[in-house]
Each structure stands twice: as C-alpha cells, then as structure tokens.
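Just target02.cif here, mmCIF, N, CA and C atoms:
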data_my_file
loop_
_atom_site.label_atom_id
_atom_site.label_comp_id
_atom_site.auth_asym_id
_atom_site.auth_seq_id
_atom_site.Cartn_x
_atom_site.Cartn_y
_atom_site.Cartn_z
N MET A 18 19.55 66.70 50.64
CA MET A 18 19.78 66.81 52.08
C MET A 18 18.88 67.92 52.64
N SER A 19 18.18 67.57 53.64
CA SER A 19 17.26 68.51 54.28
C SER A 19 18.04 69.60 55.01
N SER A 20 17.46 70.80 55.05
CA SER A 20 18.12 71.88 55.79
C SER A 20 18.02 71.69 57.29
N THR A 21 17.26 70.70 57.72
CA THR A 21 17.16 70.41 59.15
C THR A 21 17.58 68.97 59.45
N GLN A 22 18.40 68.40 58.62
CA GLN A 22 18.83 67.01 58.76
C GLN A 22 19.36 66.72 60.16
N TYR A 23 20.22 67.56 60.67
CA TYR A 23 20.85 67.28 61.96
C TYR A 23 19.93 67.63 63.13
N GLN A 24 19.08 68.62 62.96
CA GLN A 24 18.10 68.90 64.00
C GLN A 24 17.14 67.72 64.13
N ASP A 25 16.70 67.19 62.99
CA ASP A 25 15.80 66.04 63.01
C ASP A 25 16.49 64.82 63.61
N ALA A 26 17.75 64.60 63.25
CA ALA A 26 18.50 63.47 63.81
C ALA A 26 18.65 63.62 65.31
N GLY A 27 18.91 64.83 65.77
CA GLY A 27 19.06 65.08 67.20
C GLY A 27 17.78 64.77 67.96
N LYS A 28 16.64 65.21 67.43
CA LYS A 28 15.35 64.93 68.07
C LYS A 28 15.08 63.43 68.10
N LYS A 29 15.35 62.77 66.99
CA LYS A 29 15.12 61.32 66.91
C LYS A 29 16.01 60.60 67.92
N ASN A 30 17.27 60.99 67.98
CA ASN A 30 18.19 60.34 68.91
C ASN A 30 17.76 60.56 70.36
N MET A 31 17.32 61.78 70.69
CA MET A 31 16.88 62.04 72.07
C MET A 31 15.70 61.15 72.43
N SER A 32 14.77 60.99 71.52
CA SER A 32 13.62 60.14 71.75
C SER A 32 14.05 58.69 71.96
N ARG A 33 14.96 58.25 71.14
CA ARG A 33 15.44 56.87 71.24
C ARG A 33 16.26 56.66 72.51
N MET A 34 17.02 57.69 72.92
CA MET A 34 17.80 57.57 74.16
C MET A 34 16.89 57.48 75.38
N LYS A 35 15.75 58.18 75.34
CA LYS A 35 14.79 58.07 76.45
C LYS A 35 14.26 56.64 76.55
N GLU A 36 14.00 56.03 75.41
CA GLU A 36 13.54 54.65 75.39
C GLU A 36 14.63 53.72 75.95
N LEU A 37 15.85 53.96 75.55
CA LEU A 37 16.97 53.15 76.06
C LEU A 37 17.15 53.36 77.56
N ALA A 38 16.99 54.60 78.02
CA ALA A 38 17.12 54.90 79.45
C ALA A 38 16.05 54.20 80.27
N ALA A 39 14.87 54.06 79.70
CA ALA A 39 13.80 53.35 80.41
C ALA A 39 14.13 51.87 80.53
N ALA A 40 14.80 51.33 79.52
CA ALA A 40 15.13 49.90 79.51
C ALA A 40 16.36 49.58 80.36
N ILE A 41 17.34 50.47 80.35
CA ILE A 41 18.57 50.24 81.12
C ILE A 41 18.97 51.52 81.86
N PRO A 42 18.18 51.89 82.86
CA PRO A 42 18.38 53.18 83.52
C PRO A 42 19.74 53.33 84.19
N GLY A 43 20.26 52.31 84.80
CA GLY A 43 21.55 52.42 85.47
C GLY A 43 22.68 52.73 84.50
N VAL A 44 22.68 52.04 83.39
CA VAL A 44 23.72 52.25 82.38
C VAL A 44 23.63 53.66 81.81
N MET A 45 22.43 54.07 81.46
CA MET A 45 22.26 55.37 80.84
C MET A 45 22.56 56.51 81.81
N LYS A 46 22.17 56.35 83.08
CA LYS A 46 22.49 57.37 84.07
C LYS A 46 24.00 57.48 84.25
N SER A 47 24.67 56.34 84.31
CA SER A 47 26.13 56.34 84.46
C SER A 47 26.81 56.96 83.25
N PHE A 48 26.30 56.67 82.05
CA PHE A 48 26.87 57.25 80.84
C PHE A 48 26.69 58.76 80.83
N GLN A 49 25.52 59.22 81.26
CA GLN A 49 25.26 60.66 81.33
C GLN A 49 26.21 61.33 82.33
N GLU A 50 26.42 60.71 83.47
CA GLU A 50 27.33 61.26 84.47
C GLU A 50 28.77 61.28 83.95
N LEU A 51 29.16 60.25 83.23
CA LEU A 51 30.49 60.21 82.62
C LEU A 51 30.67 61.38 81.66
N GLY A 52 29.64 61.62 80.85
CA GLY A 52 29.69 62.74 79.91
C GLY A 52 29.83 64.08 80.60
N LYS A 53 29.06 64.28 81.67
CA LYS A 53 29.14 65.54 82.42
C LYS A 53 30.53 65.73 83.01
N ALA A 54 31.08 64.66 83.58
CA ALA A 54 32.41 64.75 84.19
C ALA A 54 33.49 65.00 83.13
N ALA A 55 33.37 64.35 81.99
CA ALA A 55 34.38 64.49 80.94
C ALA A 55 34.40 65.89 80.35
N ILE A 56 33.23 66.53 80.25
CA ILE A 56 33.13 67.85 79.62
C ILE A 56 33.28 69.00 80.63
N ALA A 57 33.24 68.70 81.90
CA ALA A 57 33.34 69.74 82.92
C ALA A 57 34.64 70.53 82.78
N ASP A 58 34.56 71.83 83.09
CA ASP A 58 35.77 72.66 83.05
C ASP A 58 36.83 72.10 83.98
N GLY A 59 38.04 72.13 83.51
CA GLY A 59 39.21 71.70 84.27
C GLY A 59 40.40 72.42 83.66
N ALA A 60 41.47 71.70 83.39
CA ALA A 60 42.61 72.29 82.69
C ALA A 60 42.17 72.78 81.31
N LEU A 61 41.21 72.08 80.71
CA LEU A 61 40.58 72.51 79.46
C LEU A 61 39.15 72.93 79.77
N ASP A 62 38.67 73.96 79.10
CA ASP A 62 37.28 74.35 79.34
C ASP A 62 36.34 73.44 78.55
N GLY A 63 35.07 73.51 78.90
CA GLY A 63 34.07 72.66 78.29
C GLY A 63 33.97 72.82 76.78
N LYS A 64 34.11 74.05 76.29
CA LYS A 64 34.01 74.27 74.84
C LYS A 64 35.16 73.56 74.13
N THR A 65 36.37 73.65 74.68
CA THR A 65 37.51 72.97 74.08
C THR A 65 37.28 71.47 74.05
N LYS A 66 36.72 70.94 75.13
CA LYS A 66 36.45 69.51 75.19
C LYS A 66 35.37 69.12 74.19
N GLU A 67 34.38 69.97 73.97
CA GLU A 67 33.37 69.68 72.96
C GLU A 67 33.97 69.73 71.55
N LEU A 68 34.92 70.64 71.32
CA LEU A 68 35.61 70.66 70.03
C LEU A 68 36.35 69.36 69.80
N ILE A 69 37.00 68.85 70.85
CA ILE A 69 37.69 67.55 70.75
C ILE A 69 36.67 66.46 70.44
N ALA A 70 35.54 66.49 71.14
CA ALA A 70 34.50 65.48 70.91
C ALA A 70 33.99 65.52 69.47
N LEU A 71 33.84 66.72 68.92
CA LEU A 71 33.41 66.84 67.53
C LEU A 71 34.45 66.21 66.60
N ALA A 72 35.71 66.49 66.84
CA ALA A 72 36.78 65.91 66.02
C ALA A 72 36.76 64.39 66.09
N LEU A 73 36.55 63.86 67.28
CA LEU A 73 36.49 62.41 67.43
C LEU A 73 35.25 61.84 66.76
N GLY A 74 34.13 62.56 66.80
CA GLY A 74 32.93 62.12 66.09
C GLY A 74 33.16 62.07 64.59
N VAL A 75 33.87 63.07 64.07
CA VAL A 75 34.22 63.09 62.64
C VAL A 75 35.13 61.90 62.32
N ALA A 76 36.17 61.72 63.12
CA ALA A 76 37.14 60.66 62.85
C ALA A 76 36.52 59.27 62.94
N SER A 77 35.52 59.12 63.81
CA SER A 77 34.87 57.81 63.96
C SER A 77 33.63 57.67 63.08
N ARG A 78 33.33 58.72 62.30
CA ARG A 78 32.23 58.72 61.34
C ARG A 78 30.88 58.43 62.02
N CYS A 79 30.64 59.13 63.11
CA CYS A 79 29.44 58.93 63.92
C CYS A 79 28.47 60.08 63.70
N GLU A 80 27.42 59.85 62.92
CA GLU A 80 26.47 60.92 62.60
C GLU A 80 25.81 61.49 63.86
N GLY A 81 25.39 60.63 64.76
CA GLY A 81 24.77 61.10 66.00
C GLY A 81 25.72 61.93 66.84
N CYS A 82 26.98 61.52 66.87
CA CYS A 82 28.00 62.27 67.62
C CYS A 82 28.20 63.65 67.01
N VAL A 83 28.29 63.70 65.69
CA VAL A 83 28.47 64.98 65.00
C VAL A 83 27.29 65.89 65.30
N ALA A 84 26.07 65.36 65.23
CA ALA A 84 24.89 66.19 65.49
C ALA A 84 24.90 66.70 66.93
N PHE A 85 25.14 65.80 67.88
CA PHE A 85 25.10 66.19 69.29
C PHE A 85 26.16 67.23 69.62
N HIS A 86 27.40 67.00 69.20
CA HIS A 86 28.48 67.90 69.58
C HIS A 86 28.43 69.22 68.81
N ALA A 87 27.95 69.21 67.58
CA ALA A 87 27.75 70.47 66.85
C ALA A 87 26.72 71.32 67.57
N GLN A 88 25.63 70.69 68.01
CA GLN A 88 24.59 71.43 68.74
C GLN A 88 25.14 71.98 70.05
N MET A 89 25.90 71.18 70.77
CA MET A 89 26.48 71.64 72.03
C MET A 89 27.44 72.80 71.80
N LEU A 90 28.21 72.75 70.73
CA LEU A 90 29.15 73.83 70.44
C LEU A 90 28.43 75.14 70.14
N VAL A 91 27.30 75.07 69.47
CA VAL A 91 26.51 76.28 69.24
C VAL A 91 26.04 76.83 70.58
N LYS A 92 25.54 75.96 71.45
CA LYS A 92 25.06 76.39 72.77
C LYS A 92 26.19 77.00 73.60
N LEU A 93 27.41 76.50 73.43
CA LEU A 93 28.55 76.99 74.20
C LEU A 93 29.20 78.22 73.57
N GLY A 94 28.67 78.69 72.44
CA GLY A 94 29.17 79.90 71.83
C GLY A 94 30.41 79.72 70.97
N ALA A 95 30.66 78.50 70.49
CA ALA A 95 31.80 78.29 69.60
C ALA A 95 31.59 79.08 68.31
N THR A 96 32.67 79.55 67.76
CA THR A 96 32.59 80.25 66.49
C THR A 96 32.77 79.26 65.35
N ARG A 97 32.34 79.67 64.17
CA ARG A 97 32.54 78.82 63.00
C ARG A 97 34.04 78.63 62.75
N ALA A 98 34.83 79.66 62.99
CA ALA A 98 36.28 79.54 62.80
C ALA A 98 36.88 78.47 63.72
N GLU A 99 36.42 78.42 64.97
CA GLU A 99 36.91 77.39 65.90
C GLU A 99 36.53 75.99 65.42
N VAL A 100 35.31 75.87 64.93
CA VAL A 100 34.86 74.57 64.42
C VAL A 100 35.66 74.19 63.18
N MET A 101 35.90 75.14 62.28
CA MET A 101 36.65 74.84 61.06
C MET A 101 38.08 74.37 61.40
N GLU A 102 38.74 75.02 62.35
CA GLU A 102 40.09 74.59 62.73
C GLU A 102 40.06 73.20 63.35
N THR A 103 39.04 72.92 64.13
CA THR A 103 38.88 71.59 64.71
C THR A 103 38.71 70.55 63.61
N LEU A 104 37.91 70.89 62.61
CA LEU A 104 37.71 69.96 61.50
C LEU A 104 38.99 69.75 60.71
N GLY A 105 39.82 70.77 60.64
CA GLY A 105 41.12 70.63 59.98
C GLY A 105 41.99 69.59 60.67
N VAL A 106 41.98 69.61 62.00
CA VAL A 106 42.75 68.62 62.75
C VAL A 106 42.17 67.23 62.55
N ALA A 107 40.84 67.12 62.55
CA ALA A 107 40.20 65.83 62.33
C ALA A 107 40.56 65.27 60.95
N ILE A 108 40.58 66.13 59.95
CA ILE A 108 40.96 65.70 58.59
C ILE A 108 42.42 65.25 58.57
N GLN A 109 43.29 66.02 59.20
CA GLN A 109 44.71 65.66 59.23
C GLN A 109 44.91 64.30 59.87
N MET A 110 44.17 64.03 60.93
CA MET A 110 44.34 62.77 61.64
C MET A 110 43.63 61.60 60.96
N GLY A 111 42.55 61.87 60.24
CA GLY A 111 41.75 60.78 59.68
C GLY A 111 41.74 60.67 58.17
N GLY A 112 42.42 61.58 57.47
CA GLY A 112 42.49 61.50 56.02
C GLY A 112 41.18 61.78 55.31
N GLY A 113 41.05 61.20 54.12
CA GLY A 113 39.89 61.44 53.27
C GLY A 113 38.55 61.12 53.91
N PRO A 114 38.40 59.97 54.58
CA PRO A 114 37.11 59.70 55.21
C PRO A 114 36.73 60.76 56.24
N SER A 115 37.70 61.26 56.98
CA SER A 115 37.40 62.33 57.94
C SER A 115 37.05 63.62 57.23
N MET A 116 37.63 63.86 56.06
CA MET A 116 37.29 65.05 55.31
C MET A 116 35.81 65.00 54.91
N MET A 117 35.33 63.85 54.49
CA MET A 117 33.93 63.72 54.11
C MET A 117 33.03 63.95 55.32
N TRP A 118 33.41 63.46 56.50
CA TRP A 118 32.62 63.67 57.70
C TRP A 118 32.76 65.09 58.22
N ALA A 119 33.88 65.74 57.93
CA ALA A 119 34.04 67.15 58.29
C ALA A 119 33.00 67.99 57.56
N LEU A 120 32.69 67.62 56.33
CA LEU A 120 31.63 68.32 55.60
C LEU A 120 30.30 68.17 56.32
N GLU A 121 30.03 66.98 56.85
CA GLU A 121 28.80 66.76 57.61
C GLU A 121 28.80 67.59 58.89
N ALA A 122 29.94 67.63 59.60
CA ALA A 122 30.03 68.41 60.83
C ALA A 122 29.82 69.89 60.56
N MET A 123 30.39 70.38 59.46
CA MET A 123 30.21 71.78 59.08
C MET A 123 28.73 72.06 58.81
N THR A 124 28.08 71.16 58.11
CA THR A 124 26.66 71.31 57.82
C THR A 124 25.84 71.33 59.11
N ALA A 125 26.17 70.42 60.03
CA ALA A 125 25.44 70.35 61.30
C ALA A 125 25.63 71.63 62.10
N PHE A 126 26.86 72.11 62.22
CA PHE A 126 27.12 73.34 62.97
C PHE A 126 26.38 74.51 62.35
N ASP A 127 26.43 74.64 61.04
CA ASP A 127 25.75 75.74 60.35
C ASP A 127 24.23 75.65 60.55
N GLU A 128 23.72 74.44 60.51
CA GLU A 128 22.28 74.26 60.68
C GLU A 128 21.83 74.67 62.08
N PHE A 129 22.53 74.22 63.10
CA PHE A 129 22.16 74.59 64.47
C PHE A 129 22.38 76.09 64.72
N SER A 130 23.42 76.66 64.10
CA SER A 130 23.64 78.10 64.25
C SER A 130 22.50 78.90 63.62
N ALA A 131 22.06 78.48 62.45
CA ALA A 131 20.95 79.17 61.78
C ALA A 131 19.67 79.05 62.59
N ALA A 132 19.46 77.90 63.21
CA ALA A 132 18.26 77.73 64.03
C ALA A 132 18.29 78.59 65.27
N LYS A 133 19.48 78.84 65.80
CA LYS A 133 19.62 79.67 67.00
C LYS A 133 19.38 81.14 66.68
N ALA A 134 19.78 81.55 65.47
CA ALA A 134 19.69 82.96 65.07
C ALA A 134 18.27 83.45 64.96
#
Any chance you could put this one into structure tokens?
Amino acid sequence: MSSTQYQDAGKKNMSRMKELAAAIPGVMKSFQELGKAAIADGALDGKTKELIALALGVASRCEGCVAFHAQMLVKLGATRAEVMETLGVAIQMGGGPSMMWALEAMTAFDEFSAAKA
C-alpha cells in the first residue's frame, strides 16, 4: 500500500468528477449544492456532519467516500481521537466489514494529516 494511496485516489476522483461535470453539469451542480447544504452548520456543526459522513463511507465500503471525508476532516481540524471514536461507531453498526474499512479510513486520515504537517 502506497503512503499516498488516498491522496492519489482523491486526485484521480477529482479529475474524473470534472469529466462527469462536463457531461452532466446540471446533475453535478445539484449534487454539489446538496453536499454544501447537508454539511452546513446547523444544529450540528460541519465537522460533526463530516464525521457522520466518514462513518457512512466506512459502513458502505466506499473508498472514494473515505478518501474525501478523511481529507475534509483534516481540513476542518478534526483530531485523530475524534476520527477513532467515529470509526468505533461505524464498526459497531457495521460489524467486521466495517472494521476492515475503518482501517482504511484510519490510514486515509493519517495520510492526509501527514501531508498537511
């Protein structure tokens, strides 16, 4: 496993999303707006919502989701302890398969944190 696996995946996904946006701009713009609205501060702050998104990415075994939300959590100043507790909830809800994806989420968060440092 590369030490930049998730950074590389994130770059690849962004490139591919630009291609998709060119092909279906209305859908992609609407999806982007939905994401902004869903993560916006409200009763829960944006960081808490990103932690939820990471847990859901783990539970649904979505590599791109794990990469994206781990990177966003680093940008939002999440601590490793916050991410670890979130992964604990994801494991509790999703069992063994979520535990395996929690390892991936931990790797992604650590990788983006190291790149930021």
Have a look at A:Lys133, A:Gly27, A:Ala39, A:Thr103 and name the one nearest to A:Leu73; count only N, CA and C atoms.
A:Thr103
Nearest to A:Val91: which of A:Ala119, A:Leu71, A:Arg78, A:Ser130 is it, counting only N, CA and C atoms?
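When distances to A:Val91 are compared using only N, CA and C atoms, the smallest one comes from A:Ser130.
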I need the alpha helix (DSSP H) residues of stretch 39-81 of chain A per DSSP on the backbone, written as JSON, numbers by chain.
{"A": [39, 40, 42, 43, 44, 45, 46, 47, 48, 49, 50, 51, 52, 53, 54, 55, 56, 63, 64, 65, 66, 67, 68, 69, 70, 71, 72, 73, 74, 75, 76, 80, 81]}
Selected residue, from A:Ala60, A:Leu104, A:Val44, A:Asp127, that lies nearest to A:Val75 when counting all atoms listed in the file:
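The closest residue to A:Val75 is A:Leu104.
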Using 8 Å of padding on each side, determine the axis-aligned box around all atoms of stretch 105-108 of chain A present in the file and give its centre and edge lengths in Å to one decimal, as lines of an AutoDock Vina configuration file.
center_x = 41.3
center_y = 68.0
center_z = 60.7
size_x = 18.9
size_y = 21.5
size_z = 20.2
Provide the atom CA of A:Thr96 to atom CA of A:Glu67 distance in Å, to one decimal place.
12.4 Å
Do a neighbour search on A:Lys92 at 12 Å with only C-alpha atoms, toss out local chain neighbours closer than 6 positions, and write the hits as a PyMOL selection string.
chain A and resi 63-64+67+85-86+126+129-130+132-134
